[in-house]
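*Asks:* This one is entry-v7.csv, CSV, C-alpha atoms.
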```csv
chain,number,residue,atom,x,y,z
A,1,MET,CA,-60.6,-35.2,-58.5
A,2,THR,CA,-63.0,-33.6,-56.0
A,3,GLU,CA,-63.1,-34.8,-52.5
A,4,GLN,CA,-66.4,-35.1,-50.7
A,5,THR,CA,-67.2,-34.2,-47.1
A,6,GLY,CA,-70.2,-33.2,-45.0
A,7,ILE,CA,-68.7,-30.1,-43.3
A,8,LEU,CA,-65.6,-28.3,-44.4
A,9,ILE,CA,-64.0,-26.3,-41.6
A,10,VAL,CA,-61.4,-23.7,-42.7
A,11,GLY,CA,-59.1,-22.9,-39.8
A,12,ALA,CA,-57.5,-25.3,-37.2
A,13,GLY,CA,-57.3,-22.9,-34.2
A,14,PRO,CA,-59.4,-23.5,-31.0
A,15,THR,CA,-62.6,-22.5,-32.7
A,16,GLY,CA,-62.2,-24.7,-35.8
A,17,LEU,CA,-61.0,-27.7,-33.7
A,18,THR,CA,-63.8,-27.3,-31.2
A,19,ALA,CA,-66.4,-27.4,-34.0
A,20,ALA,CA,-64.6,-30.4,-35.6
A,21,VAL,CA,-64.6,-32.4,-32.3
A,22,ALA,CA,-68.3,-31.7,-31.6
A,23,LEU,CA,-69.4,-32.6,-35.1
A,24,THR,CA,-67.3,-35.7,-35.4
A,25,ARG,CA,-68.6,-36.9,-32.0
A,26,ALA,CA,-72.1,-36.5,-33.4
A,27,GLY,CA,-71.3,-38.8,-36.3
A,28,HIS,CA,-70.7,-36.2,-39.1
A,29,ASP,CA,-68.1,-36.3,-41.8
A,30,VAL,CA,-65.8,-33.4,-41.1
A,31,THR,CA,-62.7,-32.1,-43.0
A,32,VAL,CA,-60.5,-29.4,-41.5
A,33,VAL,CA,-58.0,-27.4,-43.6
A,34,ASP,CA,-55.5,-24.8,-42.5
A,35,ALA,CA,-53.2,-22.5,-44.5
A,36,ALA,CA,-50.4,-22.8,-41.9
A,37,ALA,CA,-47.8,-25.6,-42.2
A,38,GLU,CA,-48.1,-26.3,-38.5
A,39,GLY,CA,-50.2,-25.4,-35.5
A,40,ALA,CA,-49.6,-22.5,-33.1
A,41,ASN,CA,-46.3,-22.8,-31.1
A,42,THR,CA,-46.8,-19.6,-29.2
A,43,SER,CA,-49.2,-18.9,-26.3
A,44,ARG,CA,-51.3,-16.0,-27.7
A,45,ALA,CA,-54.6,-16.5,-25.8
A,46,ALA,CA,-53.9,-17.7,-22.2
A,47,VAL,CA,-57.3,-17.8,-20.5
A,48,VAL,CA,-60.0,-20.4,-20.5
A,49,HIS,CA,-63.1,-19.2,-18.7
A,50,ALA,CA,-65.7,-21.2,-16.8
A,51,ARG,CA,-68.3,-21.1,-19.5
A,52,SER,CA,-65.8,-22.5,-22.1
A,53,LEU,CA,-64.9,-25.3,-19.7
A,54,GLU,CA,-68.6,-26.1,-19.3
A,55,VAL,CA,-69.3,-26.3,-23.0
A,56,LEU,CA,-66.1,-28.3,-23.7
A,57,ARG,CA,-66.9,-30.9,-21.0
A,58,PRO,CA,-69.2,-33.0,-23.2
A,59,LEU,CA,-66.4,-33.1,-25.8
A,60,GLY,CA,-64.1,-34.9,-23.4
A,61,VAL,CA,-61.3,-32.3,-23.1
A,62,THR,CA,-62.1,-30.2,-20.1
A,63,GLU,CA,-60.5,-32.5,-17.5
A,64,GLU,CA,-57.2,-32.6,-19.4
A,65,LEU,CA,-57.2,-28.8,-19.8
A,66,VAL,CA,-57.9,-28.3,-16.1
A,67,ALA,CA,-55.1,-30.7,-15.2
A,68,ARG,CA,-52.6,-28.8,-17.4
A,69,GLY,CA,-53.6,-25.2,-16.3
A,70,ILE,CA,-53.4,-22.9,-13.3
A,71,LYS,CA,-56.6,-22.1,-11.5
A,72,ALA,CA,-56.8,-18.4,-10.9
A,73,GLY,CA,-59.5,-17.8,-8.3
A,74,ARG,CA,-59.5,-14.1,-8.4
A,75,PHE,CA,-59.0,-11.1,-10.7
A,76,THR,CA,-57.9,-7.8,-9.2
A,77,VAL,CA,-57.4,-4.3,-10.5
A,78,ARG,CA,-54.6,-2.4,-8.7
A,79,ASP,CA,-53.1,1.0,-8.5
A,80,ARG,CA,-49.5,-0.2,-8.1
A,81,ASP,CA,-49.7,-2.0,-4.7
A,82,ARG,CA,-53.2,-0.8,-3.7
A,83,ILE,CA,-56.2,-3.0,-4.7
A,84,LEU,CA,-59.0,-1.0,-6.3
A,85,VAL,CA,-61.3,-3.9,-7.3
A,86,ALA,CA,-61.1,-7.6,-6.3
A,87,VAL,CA,-63.3,-10.0,-8.3
A,88,PRO,CA,-63.5,-13.4,-6.7
A,89,PHE,CA,-64.7,-16.3,-8.9
A,90,GLY,CA,-65.2,-18.8,-6.0
A,91,GLY,CA,-68.9,-18.2,-5.5
A,92,LEU,CA,-69.9,-18.5,-9.2
A,93,PRO,CA,-72.7,-21.1,-10.1
A,94,THR,CA,-70.4,-23.5,-12.0
A,95,ALA,CA,-68.3,-26.5,-11.5
A,96,PHE,CA,-65.3,-24.4,-12.6
A,97,PRO,CA,-65.3,-21.3,-10.2
A,98,TYR,CA,-62.0,-19.9,-11.5
A,99,THR,CA,-60.2,-18.6,-14.6
A,100,LEU,CA,-58.0,-21.3,-16.0
A,101,MET,CA,-54.6,-20.0,-17.1
A,102,LEU,CA,-53.3,-22.1,-20.0
A,103,SER,CA,-51.5,-21.2,-23.2
A,104,GLN,CA,-53.4,-21.4,-26.5
A,105,ALA,CA,-50.8,-23.8,-27.8
A,106,GLU,CA,-51.7,-26.2,-25.0
A,107,THR,CA,-55.5,-25.8,-25.6
A,108,GLU,CA,-55.0,-26.4,-29.4
A,109,ALA,CA,-52.9,-29.5,-28.7
A,110,VAL,CA,-55.6,-31.0,-26.4
A,111,LEU,CA,-58.3,-30.3,-29.0
A,112,LEU,CA,-56.3,-31.6,-31.9
A,113,ARG,CA,-55.5,-34.8,-30.1
A,114,ARG,CA,-59.1,-35.3,-29.3
A,115,PHE,CA,-60.0,-34.8,-32.9
A,116,THR,CA,-57.4,-37.2,-34.2
A,117,ASP,CA,-58.5,-39.8,-31.6
A,118,LEU,CA,-62.0,-39.6,-33.1
A,119,GLY,CA,-60.5,-40.3,-36.5
A,120,GLY,CA,-60.1,-36.7,-37.8
A,121,ARG,CA,-57.2,-35.1,-39.4
A,122,VAL,CA,-56.1,-31.5,-40.4
A,123,LEU,CA,-54.9,-31.0,-44.0
A,124,ARG,CA,-51.9,-28.6,-44.0
A,125,PRO,CA,-50.8,-26.3,-45.6
A,126,VAL,CA,-54.0,-25.9,-47.7
A,127,ARG,CA,-55.0,-22.3,-48.7
A,128,LEU,CA,-58.6,-21.6,-49.7
A,129,THR,CA,-58.9,-19.6,-53.0
A,130,ALA,CA,-62.6,-19.8,-54.0
A,131,LEU,CA,-66.1,-20.9,-52.8
A,132,THR,CA,-68.9,-21.8,-55.3
A,133,GLU,CA,-72.3,-22.6,-53.9
A,134,ASP,CA,-75.3,-24.2,-55.7
A,135,ALA,CA,-78.6,-25.7,-54.6
A,136,ALA,CA,-77.0,-29.0,-53.6
A,137,GLY,CA,-73.8,-27.9,-51.8
A,138,ILE,CA,-70.7,-25.8,-52.0
A,139,THR,CA,-67.3,-26.4,-53.7
A,140,ALA,CA,-64.1,-25.1,-52.1
A,141,GLU,CA,-61.0,-24.6,-54.3
A,142,PHE,CA,-57.5,-24.4,-53.0
A,143,ALA,CA,-54.0,-23.5,-54.1
A,144,GLY,CA,-52.2,-26.7,-55.0
A,145,TYR,CA,-54.8,-29.0,-53.6
A,146,ASP,CA,-57.9,-30.8,-55.1
A,147,PRO,CA,-61.3,-29.1,-54.6
A,148,ILE,CA,-63.5,-30.3,-51.8
A,149,ARG,CA,-67.3,-30.6,-52.1
A,150,ALA,CA,-69.3,-30.0,-48.8
A,151,GLN,CA,-72.8,-29.5,-47.6
A,152,TYR,CA,-71.6,-26.6,-45.4
A,153,VAL,CA,-68.4,-24.5,-44.9
A,154,VAL,CA,-67.4,-23.1,-41.6
A,155,GLY,CA,-65.1,-20.1,-41.6
A,156,ALA,CA,-62.9,-20.3,-38.5
A,157,ASP,CA,-59.9,-18.8,-40.2
A,158,GLY,CA,-59.3,-15.7,-38.1
A,159,MET,CA,-59.5,-12.0,-38.4
A,160,HIS,CA,-58.3,-11.9,-42.0
A,161,SER,CA,-60.8,-14.7,-43.0
A,162,THR,CA,-60.7,-15.8,-46.6
A,163,VAL,CA,-64.0,-17.5,-46.1
A,164,ARG,CA,-65.7,-14.3,-44.9
A,165,ASP,CA,-64.1,-12.4,-47.8
A,166,ARG,CA,-65.3,-15.0,-50.4
A,167,ALA,CA,-68.8,-15.0,-48.8
A,168,GLY,CA,-68.9,-11.2,-49.3
A,169,ILE,CA,-69.6,-10.5,-45.6
A,170,GLY,CA,-68.6,-7.1,-44.3
A,171,PHE,CA,-66.5,-6.7,-41.1
A,172,GLY,CA,-67.3,-3.3,-39.7
A,173,GLY,CA,-65.5,-1.6,-36.8
A,174,GLY,CA,-62.2,0.1,-36.1
A,175,ASP,CA,-59.0,-0.1,-34.1
A,176,TYR,CA,-57.3,1.5,-31.1
A,177,ALA,CA,-54.6,4.1,-31.4
A,178,GLU,CA,-52.3,2.3,-28.9
A,179,SER,CA,-50.3,-0.8,-29.6
A,180,PHE,CA,-50.2,-3.7,-27.2
A,181,VAL,CA,-47.2,-5.6,-25.9
A,182,LEU,CA,-47.6,-9.3,-25.3
A,183,ALA,CA,-44.9,-11.3,-23.6
A,184,ASP,CA,-44.4,-14.5,-21.7
A,185,VAL,CA,-41.6,-14.0,-19.1
A,186,ARG,CA,-39.9,-15.6,-16.2
A,187,LEU,CA,-40.1,-13.4,-13.1
A,188,ARG,CA,-38.8,-13.2,-9.6
A,189,GLY,CA,-39.9,-11.0,-6.7
A,190,GLY,CA,-42.8,-8.6,-6.9
A,191,ALA,CA,-44.8,-10.6,-4.4
A,192,LEU,CA,-47.0,-11.7,-7.3
A,193,PRO,CA,-49.9,-14.0,-6.5
A,194,ALA,CA,-49.5,-17.5,-7.9
A,195,ASP,CA,-53.2,-18.0,-8.5
A,196,GLU,CA,-54.5,-14.5,-9.5
A,197,VAL,CA,-54.7,-12.3,-12.6
A,198,VAL,CA,-53.7,-8.7,-11.8
A,199,LEU,CA,-54.5,-5.7,-13.9
A,200,TYR,CA,-52.2,-2.8,-12.8
A,201,PHE,CA,-53.2,0.8,-13.4
A,202,ALA,CA,-50.5,3.5,-13.2
A,203,THR,CA,-49.9,7.0,-14.4
A,204,ALA,CA,-47.8,5.6,-17.3
A,205,GLY,CA,-50.6,3.2,-18.3
A,206,MET,CA,-51.8,-0.4,-17.7
A,207,VAL,CA,-50.1,-3.8,-17.5
A,208,VAL,CA,-51.6,-7.2,-16.9
A,209,VAL,CA,-49.6,-9.9,-15.1
A,210,ALA,CA,-51.0,-13.4,-15.0
A,211,PRO,CA,-49.4,-16.7,-14.0
A,212,LEU,CA,-48.9,-19.5,-16.6
A,213,PRO,CA,-47.9,-23.1,-16.1
A,214,GLY,CA,-44.2,-23.8,-16.0
A,215,GLY,CA,-43.2,-20.8,-13.9
A,216,THR,CA,-43.9,-18.2,-16.5
A,217,HIS,CA,-46.1,-15.1,-16.4
A,218,ARG,CA,-48.1,-13.5,-19.2
A,219,ILE,CA,-47.6,-9.7,-19.6
A,220,VAL,CA,-50.0,-7.5,-21.6
A,221,ALA,CA,-49.5,-3.8,-21.8
A,222,THR,CA,-50.6,-0.8,-23.8
A,223,VAL,CA,-47.8,1.2,-25.4
A,224,ASP,CA,-47.8,4.1,-27.7
A,225,ALA,CA,-45.0,2.7,-29.9
A,226,ALA,CA,-43.7,-0.8,-29.0
A,227,PRO,CA,-40.8,-2.7,-30.7
A,228,GLU,CA,-41.8,-5.6,-32.8
A,229,ARG,CA,-40.2,-8.1,-30.4
A,230,PRO,CA,-40.0,-6.5,-26.9
A,231,ASP,CA,-36.9,-7.6,-25.0
A,232,ALA,CA,-36.3,-8.1,-21.3
A,233,ALA,CA,-35.2,-4.5,-20.8
A,234,PHE,CA,-38.4,-3.2,-22.4
A,235,VAL,CA,-40.7,-5.4,-20.4
A,236,GLN,CA,-38.7,-4.6,-17.2
A,237,ALA,CA,-39.3,-0.9,-17.8
A,238,LEU,CA,-43.1,-1.5,-18.2
A,239,LEU,CA,-43.2,-3.4,-14.9
A,240,ASP,CA,-41.1,-0.8,-13.1
A,241,GLU,CA,-43.4,2.0,-14.3
A,242,ARG,CA,-46.7,0.3,-13.8
A,243,GLY,CA,-46.4,-2.9,-11.8
A,244,PRO,CA,-45.8,-3.6,-8.1
A,245,ARG,CA,-43.8,-0.9,-6.4
A,246,ARG,CA,-43.2,-2.1,-2.8
A,247,THR,CA,-41.4,-5.3,-4.0
A,248,ARG,CA,-39.9,-5.1,-7.5
A,249,ALA,CA,-40.8,-7.8,-10.1
A,250,VAL,CA,-37.6,-8.7,-12.0
A,251,VAL,CA,-37.7,-10.1,-15.5
A,252,GLU,CA,-35.2,-12.9,-15.7
A,253,ASP,CA,-36.0,-14.1,-19.2
A,254,VAL,CA,-38.4,-13.4,-22.1
A,255,VAL,CA,-39.7,-16.7,-23.5
A,256,TRP,CA,-41.7,-15.1,-26.3
A,257,SER,CA,-42.9,-11.6,-27.1
A,258,SER,CA,-44.8,-9.7,-29.7
A,259,ARG,CA,-46.4,-6.4,-30.6
A,260,PHE,CA,-49.9,-6.0,-32.0
A,261,ARG,CA,-52.7,-3.6,-32.7
A,262,VAL,CA,-56.2,-4.2,-31.5
A,263,HIS,CA,-59.3,-4.1,-33.6
A,264,HIS,CA,-62.9,-4.1,-32.6
A,265,ARG,CA,-65.0,-5.6,-35.4
A,266,VAL,CA,-68.1,-7.8,-35.8
A,267,ALA,CA,-69.1,-9.4,-39.1
A,268,ASP,CA,-72.3,-8.0,-40.6
A,269,ARG,CA,-73.7,-11.5,-40.8
A,270,TYR,CA,-72.7,-14.9,-39.5
A,271,ARG,CA,-74.3,-16.8,-42.3
A,272,ASN,CA,-74.5,-16.5,-46.1
A,273,GLY,CA,-76.3,-19.6,-47.5
A,274,ARG,CA,-74.1,-22.6,-46.8
A,275,ILE,CA,-71.3,-20.5,-45.4
A,276,LEU,CA,-71.1,-19.8,-41.6
A,277,LEU,CA,-68.6,-17.9,-39.5
A,278,ALA,CA,-67.3,-18.4,-36.0
A,279,GLY,CA,-64.5,-17.1,-33.8
A,280,ASP,CA,-62.2,-14.3,-34.9
A,281,ALA,CA,-63.6,-14.6,-38.5
A,282,ALA,CA,-66.8,-13.3,-37.0
A,283,HIS,CA,-65.6,-10.9,-34.3
A,284,VAL,CA,-62.3,-9.4,-32.9
A,285,HIS,CA,-61.8,-7.1,-30.0
A,286,SER,CA,-59.3,-6.0,-27.3
A,287,PRO,CA,-57.7,-8.7,-25.2
A,288,ALA,CA,-59.1,-7.0,-22.1
A,289,GLY,CA,-61.0,-9.6,-20.1
A,290,GLY,CA,-59.5,-12.5,-22.1
A,291,GLN,CA,-62.7,-13.1,-24.1
A,292,GLY,CA,-61.5,-13.7,-27.6
A,293,MET,CA,-60.7,-17.4,-27.7
A,294,ASN,CA,-63.5,-18.2,-25.3
A,295,THR,CA,-66.2,-16.5,-27.4
A,296,GLY,CA,-64.9,-18.5,-30.4
A,297,ILE,CA,-65.0,-21.8,-28.5
A,298,GLN,CA,-68.6,-21.0,-27.4
A,299,ASP,CA,-69.5,-20.1,-31.0
A,300,ALA,CA,-68.1,-23.4,-32.2
A,301,VAL,CA,-70.2,-25.5,-29.8
A,302,ALA,CA,-73.4,-23.6,-30.6
A,303,LEU,CA,-72.7,-23.8,-34.4
A,304,ALA,CA,-72.0,-27.6,-34.2
A,305,ASP,CA,-75.3,-28.1,-32.4
A,306,ALA,CA,-77.1,-26.1,-35.1
A,307,LEU,CA,-75.4,-27.9,-38.0
A,308,HIS,CA,-76.2,-31.3,-36.4
A,309,THR,CA,-79.8,-30.4,-36.1
A,310,ALA,CA,-79.9,-29.0,-39.7
A,311,LEU,CA,-78.2,-32.1,-41.2
A,312,THR,CA,-80.4,-34.6,-39.3
A,313,THR,CA,-83.7,-32.9,-39.8
A,314,GLY,CA,-83.2,-31.2,-43.2
A,315,ASP,CA,-84.4,-27.9,-41.6
A,316,ASP,CA,-81.8,-25.1,-41.7
A,317,ALA,CA,-83.7,-22.8,-39.3
A,318,PRO,CA,-81.2,-23.6,-36.5
A,319,LEU,CA,-78.5,-22.1,-38.6
A,320,ASP,CA,-80.4,-18.8,-38.7
A,321,ALA,CA,-81.0,-19.1,-35.0
A,322,TYR,CA,-77.2,-19.6,-34.4
A,323,ALA,CA,-76.5,-16.4,-36.3
A,324,ALA,CA,-79.3,-14.5,-34.6
A,325,THR,CA,-78.1,-15.7,-31.1
A,326,ARG,CA,-74.3,-15.5,-31.3
A,327,ARG,CA,-73.9,-12.2,-33.1
A,328,PRO,CA,-75.5,-10.2,-30.2
A,329,VAL,CA,-73.2,-12.1,-27.8
A,330,ALA,CA,-70.2,-10.9,-29.8
A,331,GLU,CA,-71.5,-7.3,-29.7
A,332,GLN,CA,-71.8,-7.6,-25.9
A,333,VAL,CA,-68.3,-9.0,-25.6
A,334,VAL,CA,-66.9,-6.3,-27.8
A,335,ARG,CA,-68.5,-3.6,-25.6
A,336,LEU,CA,-67.2,-5.2,-22.4
A,337,ALA,CA,-63.6,-5.4,-23.8
A,338,ASP,CA,-63.9,-1.9,-25.2
A,339,ARG,CA,-65.0,-0.5,-21.8
A,340,LEU,CA,-62.1,-2.3,-20.0
A,341,THR,CA,-59.7,-1.1,-22.6
A,342,ARG,CA,-60.8,2.5,-22.5
A,343,LEU,CA,-60.7,2.4,-18.7
A,344,ALA,CA,-57.2,1.1,-18.9
A,345,THR,CA,-56.0,3.7,-21.4
A,346,VAL,CA,-57.5,7.0,-20.1
A,347,GLY,CA,-55.3,10.0,-20.1
A,348,PRO,CA,-53.0,10.9,-17.1
A,349,ARG,CA,-55.3,13.7,-15.8
A,350,VAL,CA,-58.3,11.4,-15.7
A,351,ARG,CA,-56.6,8.4,-14.1
A,352,PRO,CA,-56.9,9.6,-10.4
A,353,VAL,CA,-60.7,10.0,-10.9
A,354,ARG,CA,-61.0,6.7,-12.6
A,355,ASN,CA,-59.1,5.0,-9.7
A,356,LEU,CA,-61.4,6.6,-7.1
A,357,LEU,CA,-64.5,5.5,-8.9
A,358,LEU,CA,-63.2,2.0,-9.4
A,359,ARG,CA,-62.3,1.7,-5.7
A,360,ALA,CA,-65.9,2.8,-4.8
A,361,ALA,CA,-67.4,0.3,-7.2
A,362,GLY,CA,-65.2,-2.4,-5.8
A,363,HIS,CA,-67.0,-2.1,-2.5
A,364,VAL,CA,-70.3,-3.0,-4.0
A,365,PRO,CA,-70.9,-6.8,-4.0
A,366,ALA,CA,-73.4,-6.7,-6.8
A,367,ALA,CA,-70.9,-4.9,-9.1
A,368,ARG,CA,-68.2,-7.4,-8.3
A,369,ARG,CA,-70.5,-10.4,-9.0
A,370,ASP,CA,-71.7,-8.9,-12.2
A,371,LEU,CA,-68.2,-8.4,-13.5
A,372,ALA,CA,-67.3,-12.0,-12.4
A,373,LEU,CA,-70.3,-13.4,-14.3
A,374,ARG,CA,-69.3,-11.4,-17.4
A,375,LEU,CA,-65.6,-12.3,-17.3
A,376,SER,CA,-66.4,-16.0,-16.8
A,377,GLY,CA,-68.9,-16.0,-19.7
A,378,LEU,CA,-71.6,-17.4,-17.4
A,379,VAL,CA,-73.8,-14.5,-18.2
A,380,PHE,CA,-74.1,-15.9,-21.8
A,381,ARG,CA,-75.6,-19.2,-20.8
```
What do you get writing this file as structure tokens?
*Replies:*
Amino acid sequence: MTEQTGILIVGAGPTGLTAAVALTRAGHDVTVVDAAAEGANTSRAAVVHARSLEVLRPLGVTEELVARGIKAGRFTVRDRDRILVAVPFGGLPTAFPYTLMLSQAETEAVLLRRFTDLGGRVLRPVRLTALTEDAAGITAEFAGYDPIRAQYVVGADGMHSTVRDRAGIGFGGGDYAESFVLADVRLRGGALPADEVVLYFATAGMVVVAPLPGGTHRIVATVDAAPERPDAAFVQALLDERGPRRTRAVVEDVVWSSRFRVHHRVADRYRNGRILLAGDAAHVHSPAGGQGMNTGIQDAVALADALHTALTTGDDAPLDAYAATRRPVAEQVVRLADRLTRLATVGPRVRPVRNLLLRAAGHVPAARRDLALRLSGLVFR
């Protein structure tokens, strides 16, 4: 038996679920499959920027996300206790003048609930093995599951995308030499702001400290060689070397931690016939600036609009326009994340000069506003 659907979405992360909600609301038949047996239960991404909240609002999820998260009204770059650059979000031209701190698990849960409320469901665990396209549609085959016939397939299945691979789309780029530590911890002390994301620069390297709901903080740091699961002692050493000095921040407990390497890659194309890419399947980059999930969510809304127009008019030109518009956005995001990452990881001899230049730039209102617009995603309206 071969199932029939209008749009098959491969991947049930924030990108895939956003596209599914938008398309289902528009009256289209959508099927979502995911290779994992269950959704994410760790935080991974932890930032929802203003532009993402704007594009999600018509889908009926923004209010719940805002109610669940922490509004961070400012981003600062600090040399231990000294502020080098302060980037306020309060004056931005948006109904959401802040960075919303919320775990990816929570964001996915809200999107999934909205999708199921609209009558959708996610088929799990369903692993794609092949895609065969013809003039009338495309057939997807799976391991241990019946084939699905669709008009279009959306690849939202992450950096190691099977859809992208089966479509024969290249994924050029590279990676950084350093590894990154990611940890959600319970802290006390440190005089840490409850509504601010802080990027600490120090001779030993950088560390990001950001508040999350439930009294936890997200820690992100570059490390030459990190353990697979950093423990409290390891995270404490990072904060002691790089974080606030005047008042020590003490790690009481590690809720979750991981080590990862960062790639910077963009797909050669976003479309191959009836196959389209979005999210991490189309672009990956450093976590600096918290742009990954946000760019994927914005991809998903733009792609859903393009698919809706193509399906209702019979003209697939909007699909080419989606690819032509969103790929340059990804390239800009990759460049921004790359610049922030390279600033954060310069060698010890260059760091004093970097800090001096950053402090000078931090006194220029236009520079602060430009960075706020880029971080919030509003520059990509």
*Asks:* Could you tell me how far atom CA of Arg80 of chain A lies from atom CA of Thr345 of chain A, in Å and to one decimal?
*Replies:*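 Separation between atom CA of Arg80 of chain A and atom CA of Thr345 of chain A: 15.3 Å.
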*Asks:* Counting only C-alpha atoms, what is within 9 Å of segment 249-252 of chain A, bar same-chain residues fewer than 3 positions away, as an MDAnalysis selection string?
*Replies:* chainID A and resid 185:192 232:233 235:236 239:240 243:245
*Asks:* Put those residues in a file: C-alpha atoms, as a PDB file, in the coordinates of the input.
*Replies:*
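The new file result-v3.pdb reads:
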```pdb
ATOM      1  CA  VAL A 185     -41.600 -14.000 -19.100  1.00  0.00           C
ATOM      2  CA  ARG A 186     -39.900 -15.600 -16.200  1.00  0.00           C
ATOM      3  CA  LEU A 187     -40.100 -13.400 -13.100  1.00  0.00           C
ATOM      4  CA  ARG A 188     -38.800 -13.200  -9.600  1.00  0.00           C
ATOM      5  CA  GLY A 189     -39.900 -11.000  -6.700  1.00  0.00           C
ATOM      6  CA  GLY A 190     -42.800  -8.600  -6.900  1.00  0.00           C
ATOM      7  CA  ALA A 191     -44.800 -10.600  -4.400  1.00  0.00           C
ATOM      8  CA  LEU A 192     -47.000 -11.700  -7.300  1.00  0.00           C
ATOM      9  CA  ALA A 232     -36.300  -8.100 -21.300  1.00  0.00           C
ATOM     10  CA  ALA A 233     -35.200  -4.500 -20.800  1.00  0.00           C
ATOM     11  CA  VAL A 235     -40.700  -5.400 -20.400  1.00  0.00           C
ATOM     12  CA  GLN A 236     -38.700  -4.600 -17.200  1.00  0.00           C
ATOM     13  CA  LEU A 239     -43.200  -3.400 -14.900  1.00  0.00           C
ATOM     14  CA  ASP A 240     -41.100  -0.800 -13.100  1.00  0.00           C
ATOM     15  CA  GLY A 243     -46.400  -2.900 -11.800  1.00  0.00           C
ATOM     16  CA  PRO A 244     -45.800  -3.600  -8.100  1.00  0.00           C
ATOM     17  CA  ARG A 245     -43.800  -0.900  -6.400  1.00  0.00           C
TER      18      ARG A 245
END
```
*Asks:* Name the residues in contact with Gly214 of chain A at a cut-off of 12 Å, using all atoms listed in the file, excluding same-chain residues fewer than 3 positions from it; report them as an mmCIF file with C-alpha atoms, in the frame of the given file.
*Replies:*
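Okay, out-v7.cif is ready:
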```
data_model
loop_
_atom_site.group_PDB
_atom_site.id
_atom_site.type_symbol
_atom_site.label_atom_id
_atom_site.label_comp_id
_atom_site.auth_asym_id
_atom_site.auth_seq_id
_atom_site.Cartn_x
_atom_site.Cartn_y
_atom_site.Cartn_z
ATOM 1 C CA ARG A 68 -52.600 -28.800 -17.400
ATOM 2 C CA GLY A 69 -53.600 -25.200 -16.300
ATOM 3 C CA ILE A 70 -53.400 -22.900 -13.300
ATOM 4 C CA MET A 101 -54.600 -20.000 -17.100
ATOM 5 C CA LEU A 102 -53.300 -22.100 -20.000
ATOM 6 C CA SER A 103 -51.500 -21.200 -23.200
ATOM 7 C CA GLU A 106 -51.700 -26.200 -25.000
ATOM 8 C CA ASP A 184 -44.400 -14.500 -21.700
ATOM 9 C CA VAL A 185 -41.600 -14.000 -19.100
ATOM 10 C CA ARG A 186 -39.900 -15.600 -16.200
ATOM 11 C CA LEU A 187 -40.100 -13.400 -13.100
ATOM 12 C CA ALA A 194 -49.500 -17.500 -7.900
ATOM 13 C CA PRO A 211 -49.400 -16.700 -14.000
ATOM 14 C CA HIS A 217 -46.100 -15.100 -16.400
ATOM 15 C CA ARG A 218 -48.100 -13.500 -19.200
ATOM 16 C CA VAL A 255 -39.700 -16.700 -23.500
#
```
*Asks:* For segment 271-288 of chain A, find every residue with an atom within 9 Å (counting all atoms listed in the file), except residues of its own chain fewer than 6 positions away, and show them as a ChimeraX atom specification.
*Replies:* /A:14-16,45,133,137-138,151-164,167-169,171,175-176,220,261-265,294-300,303,319-320,322-323,326-327,330-331,333-341,344
*Asks:* Go ahead and write the selection's residues with C-alpha atoms as a short mmCIF file (atom, residue, chain, number, x, y, z; two decimals), in the coordinates of the input.
*Replies:*
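Final output, again.cif:
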```cif
data_model
loop_
_atom_site.label_atom_id
_atom_site.label_comp_id
_atom_site.auth_asym_id
_atom_site.auth_seq_id
_atom_site.Cartn_x
_atom_site.Cartn_y
_atom_site.Cartn_z
CA PRO A 14 -59.40 -23.50 -31.00
CA THR A 15 -62.60 -22.50 -32.70
CA GLY A 16 -62.20 -24.70 -35.80
CA ALA A 45 -54.60 -16.50 -25.80
CA GLU A 133 -72.30 -22.60 -53.90
CA GLY A 137 -73.80 -27.90 -51.80
CA ILE A 138 -70.70 -25.80 -52.00
CA GLN A 151 -72.80 -29.50 -47.60
CA TYR A 152 -71.60 -26.60 -45.40
CA VAL A 153 -68.40 -24.50 -44.90
CA VAL A 154 -67.40 -23.10 -41.60
CA GLY A 155 -65.10 -20.10 -41.60
CA ALA A 156 -62.90 -20.30 -38.50
CA ASP A 157 -59.90 -18.80 -40.20
CA GLY A 158 -59.30 -15.70 -38.10
CA MET A 159 -59.50 -12.00 -38.40
CA HIS A 160 -58.30 -11.90 -42.00
CA SER A 161 -60.80 -14.70 -43.00
CA THR A 162 -60.70 -15.80 -46.60
CA VAL A 163 -64.00 -17.50 -46.10
CA ARG A 164 -65.70 -14.30 -44.90
CA ALA A 167 -68.80 -15.00 -48.80
CA GLY A 168 -68.90 -11.20 -49.30
CA ILE A 169 -69.60 -10.50 -45.60
CA PHE A 171 -66.50 -6.70 -41.10
CA ASP A 175 -59.00 -0.10 -34.10
CA TYR A 176 -57.30 1.50 -31.10
CA VAL A 220 -50.00 -7.50 -21.60
CA ARG A 261 -52.70 -3.60 -32.70
CA VAL A 262 -56.20 -4.20 -31.50
CA HIS A 263 -59.30 -4.10 -33.60
CA HIS A 264 -62.90 -4.10 -32.60
CA ARG A 265 -65.00 -5.60 -35.40
CA ASN A 294 -63.50 -18.20 -25.30
CA THR A 295 -66.20 -16.50 -27.40
CA GLY A 296 -64.90 -18.50 -30.40
CA ILE A 297 -65.00 -21.80 -28.50
CA GLN A 298 -68.60 -21.00 -27.40
CA ASP A 299 -69.50 -20.10 -31.00
CA ALA A 300 -68.10 -23.40 -32.20
CA LEU A 303 -72.70 -23.80 -34.40
CA LEU A 319 -78.50 -22.10 -38.60
CA ASP A 320 -80.40 -18.80 -38.70
CA TYR A 322 -77.20 -19.60 -34.40
CA ALA A 323 -76.50 -16.40 -36.30
CA ARG A 326 -74.30 -15.50 -31.30
CA ARG A 327 -73.90 -12.20 -33.10
CA ALA A 330 -70.20 -10.90 -29.80
CA GLU A 331 -71.50 -7.30 -29.70
CA VAL A 333 -68.30 -9.00 -25.60
CA VAL A 334 -66.90 -6.30 -27.80
CA ARG A 335 -68.50 -3.60 -25.60
CA LEU A 336 -67.20 -5.20 -22.40
CA ALA A 337 -63.60 -5.40 -23.80
CA ASP A 338 -63.90 -1.90 -25.20
CA ARG A 339 -65.00 -0.50 -21.80
CA LEU A 340 -62.10 -2.30 -20.00
CA THR A 341 -59.70 -1.10 -22.60
CA ALA A 344 -57.20 1.10 -18.90
#
```
